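*Asks:* Questions regarding the structure given below will be posed in turn.
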Amino acid sequence: MQFATLQENSAICVLRSLAVLTSFVGSPAFAALPDTTYESGFETCATPAQFCADVDQDNYGDIGYCLGTCEKPYDFFALPPTDCDNDSALINPGAEEICDGKDNDCDGAVDEDFPQLNTACTDGNLGICAGTGTLECDIGGTGTVCSITTPGQVPRTETCNGLDDNCDGTVDEGNPGGGAVCDTGQAGECAVGTVTCETGTLTCKANAPGCQEIQVNRTNEKRP
Ligand SMILES: [Ca+2]
Ligand SMILES: [Ca+2]
Ligand SMILES: [Ca+2]
Ligand SMILES: [Ca+2]
């Protein structure tokens, strides 16, 4: 490339830079800048670099307000990669992603390090005492916590209903509602039985092996 052409390109480069700077000076981003001493003026060169305004001074500039110059034009300008939030020094491509509903590391994804967010969870209680909800960000933003939307019930006496009423982790333990002698309605050795809780239902179960089971109707309704 000839020297004259280089000079023309350099001049165009400076003019374009000044045009961008003019629009930047009148922008809200410029108004938000701190009082800072200008470090250098404009110089001409064949391959200027893009320096972008770094309003929050986290060393990542705003792609919307860049200058093509040979050297860093002001001490509040920075080279790419650029900032995705120039109003917060805590958000930039070098920041760590935290759980807060924001894209802290400027990778285009929000809270991507917490894939368990918004999935179902429980409060750890057992049986009908278990509360259920969804995982949300904790206060510190370092993890998730179960936000209960449906609280568990208070424990109650175990009954034959297919539920863990007393919240000890076992369903219908101790044959609740059962134990009495009953008539199976069958003949012979199959006639005498014992009221037995099986799969949430009270049945009259013959004491002798190999006999048919008869359902007992009085207390077999399930409770919510
Ligand atoms: Ca910045
Ligand atoms: Ca985040
Ligand atoms: Ca992110
Ligand atoms: Ca039960």
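By order of appearance in the structure tokens: chains A, B, ..., then residues from 1 within every chain, and ligands from 1 in the order shown.
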Could you pull out the residues sitting within 10 Å of ligand 2, using only C-alpha atoms and all ligand atoms, and write them as a PyMOL selection string?
*Replies:* chain A and resi 91+95-106+109-114+137+141-142
*Asks:* Find the residues around Cys197 in chain A up to 7 Å (only C-alpha atoms counted), leave out those fewer than 6 positions away in its own chain, and share them as number ranges by chain.
*Replies:* A: 160, 175-176, 178, 203
*Asks:* For the residues selected in the previous step, produce a file with N, CA and C atoms as a PDB file, in the first residue's frame.
*Replies:*
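What follows is the written file selection-v5.pdb:
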```
ATOM      1  N   CYS A 160     -55.421 -47.460  58.203  1.00  0.00           N
ATOM      2  CA  CYS A 160     -55.244 -48.301  57.016  1.00  0.00           C
ATOM      3  C   CYS A 160     -55.756 -47.554  55.786  1.00  0.00           C
ATOM      4  N   ASN A 175     -50.546 -53.014  61.254  1.00  0.00           N
ATOM      5  CA  ASN A 175     -51.906 -53.491  60.941  1.00  0.00           C
ATOM      6  C   ASN A 175     -52.984 -52.584  61.556  1.00  0.00           C
ATOM      7  N   PRO A 176     -52.967 -51.277  61.239  1.00  0.00           N
ATOM      8  CA  PRO A 176     -53.911 -50.342  61.864  1.00  0.00           C
ATOM      9  C   PRO A 176     -55.359 -50.691  61.505  1.00  0.00           C
ATOM     10  N   GLY A 178     -56.862 -53.330  62.233  1.00  0.00           N
ATOM     11  CA  GLY A 178     -57.024 -54.759  62.063  1.00  0.00           C
ATOM     12  C   GLY A 178     -56.845 -55.510  63.372  1.00  0.00           C
ATOM     13  N   THR A 203     -59.179 -56.121  55.095  1.00  0.00           N
ATOM     14  CA  THR A 203     -59.800 -57.321  54.557  1.00  0.00           C
ATOM     15  C   THR A 203     -59.936 -58.362  55.664  1.00  0.00           C
TER      16      THR A 203
END
```
*Asks:* Taking only residues of chain A that have an atom at most 12 Å from an atom of ligand 1, what is each one's shortest atom pair and its distance in Å to one decimal, using only C-alpha atoms and all ligand atoms, in chain and number order, as CSV?
*Replies:*
```
residue,atom,partner,partner_atom_place_in_ligand_line,distance
A:Ala29,CA,ligand 1,1 (Ca),10.8
A:Ala32,CA,ligand 1,1 (Ca),12.0
A:Leu33,CA,ligand 1,1 (Ca),10.9
A:Phe51,CA,ligand 1,1 (Ca),11.7
A:Cys52,CA,ligand 1,1 (Ca),8.9
A:Ala53,CA,ligand 1,1 (Ca),7.4
A:Asp54,CA,ligand 1,1 (Ca),4.2
A:Val55,CA,ligand 1,1 (Ca),5.5
A:Asp56,CA,ligand 1,1 (Ca),4.6
A:Gln57,CA,ligand 1,1 (Ca),5.1
A:Asp58,CA,ligand 1,1 (Ca),4.7
A:Asn59,CA,ligand 1,1 (Ca),5.7
A:Tyr60,CA,ligand 1,1 (Ca),4.2
A:Gly61,CA,ligand 1,1 (Ca),4.6
A:Asp62,CA,ligand 1,1 (Ca),6.5
A:Ile63,CA,ligand 1,1 (Ca),9.9
A:Gly64,CA,ligand 1,1 (Ca),11.7
A:Tyr65,CA,ligand 1,1 (Ca),11.3
A:Phe76,CA,ligand 1,1 (Ca),8.9
A:Phe77,CA,ligand 1,1 (Ca),8.7
A:Ala78,CA,ligand 1,1 (Ca),8.1
A:Leu79,CA,ligand 1,1 (Ca),10.4
A:Pro80,CA,ligand 1,1 (Ca),10.3
A:Pro81,CA,ligand 1,1 (Ca),10.1
A:Thr82,CA,ligand 1,1 (Ca),7.4
A:Asp83,CA,ligand 1,1 (Ca),5.2
A:Cys84,CA,ligand 1,1 (Ca),7.9
A:Asp85,CA,ligand 1,1 (Ca),6.7
A:Asn86,CA,ligand 1,1 (Ca),4.3
A:Asp87,CA,ligand 1,1 (Ca),6.9
A:Ser88,CA,ligand 1,1 (Ca),7.0
A:Ala89,CA,ligand 1,1 (Ca),6.0
A:Leu90,CA,ligand 1,1 (Ca),8.9
A:Ile91,CA,ligand 1,1 (Ca),7.9
A:Asn92,CA,ligand 1,1 (Ca),6.7
A:Pro93,CA,ligand 1,1 (Ca),9.5
A:Gly94,CA,ligand 1,1 (Ca),10.6
A:Ala95,CA,ligand 1,1 (Ca),11.2
A:Asp105,CA,ligand 1,1 (Ca),11.9
A:Cys106,CA,ligand 1,1 (Ca),11.2
```
*Asks:* Name the residues, by chain letter and number, that sit within 8 Å of ligand 4 using only C-alpha atoms and all ligand atoms, and give them as a compact mmCIF listing (two decimals) with C-alpha atoms, in the first residue's frame.
*Replies:*
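The new file pocket24.txt reads:
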```txt
# COMPACT_ATOMS: atom_id res chain seq x y z
CA GLU A 158 -51.73 -44.32 61.48
CA THR A 159 -54.81 -45.74 59.78
CA CYS A 160 -55.24 -48.30 57.02
CA ASN A 161 -55.27 -46.02 53.98
CA GLY A 162 -52.08 -46.54 51.98
CA LEU A 163 -50.57 -43.38 53.48
CA ASP A 164 -47.82 -42.76 56.03
CA ASP A 165 -50.08 -40.87 58.45
CA ASN A 166 -47.63 -40.61 61.37
CA VAL A 171 -47.10 -46.93 55.37
CA ASP A 172 -49.85 -48.66 57.40
CA GLU A 173 -47.39 -50.24 59.81
CA PRO A 176 -53.91 -50.34 61.86
CA GLY A 200 -54.50 -49.63 52.22
```
*Asks:* Just the number, please: distance in Å from CA of Thr194 in chain A to CA of Gly169 in chain A, one decimal.
*Replies:*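 Distance between the two atoms: 25.6 Å.
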*Asks:* Excluding Gly127 in chain A and residues on its chain fewer than 2 positions from it, collect all residues at most 6 Å away from it, counting only C-alpha atoms, and give them as a list in words.
*Replies:*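 These residues fall inside the cut-off: Cys129, Ala130, Asp164 and Cys167 of chain A.
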*Asks:* Just how far from CA of Gly152 in chain A is CA of Glu136 in chain A, in Å to one decimal?
*Replies:*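 Between these atoms lies a distance of 18.7 Å.
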*Asks:* Compile the contact shell of Val181 in chain A as a ChimeraX atom specification: residues with an atom at most 10 Å away, counting only C-alpha atoms, same-chain residues fewer than 3 positions apart removed.
*Replies:* /A:178,184,192-196,204-207
*Asks:* Please measure the separation of atom 1 (Ca, counted along the ligand's line) of ligand 3 and CA of Pro115 in chain A, giving the value in Å to one decimal.
*Replies:*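 Distance between the two atoms: 11.9 Å.
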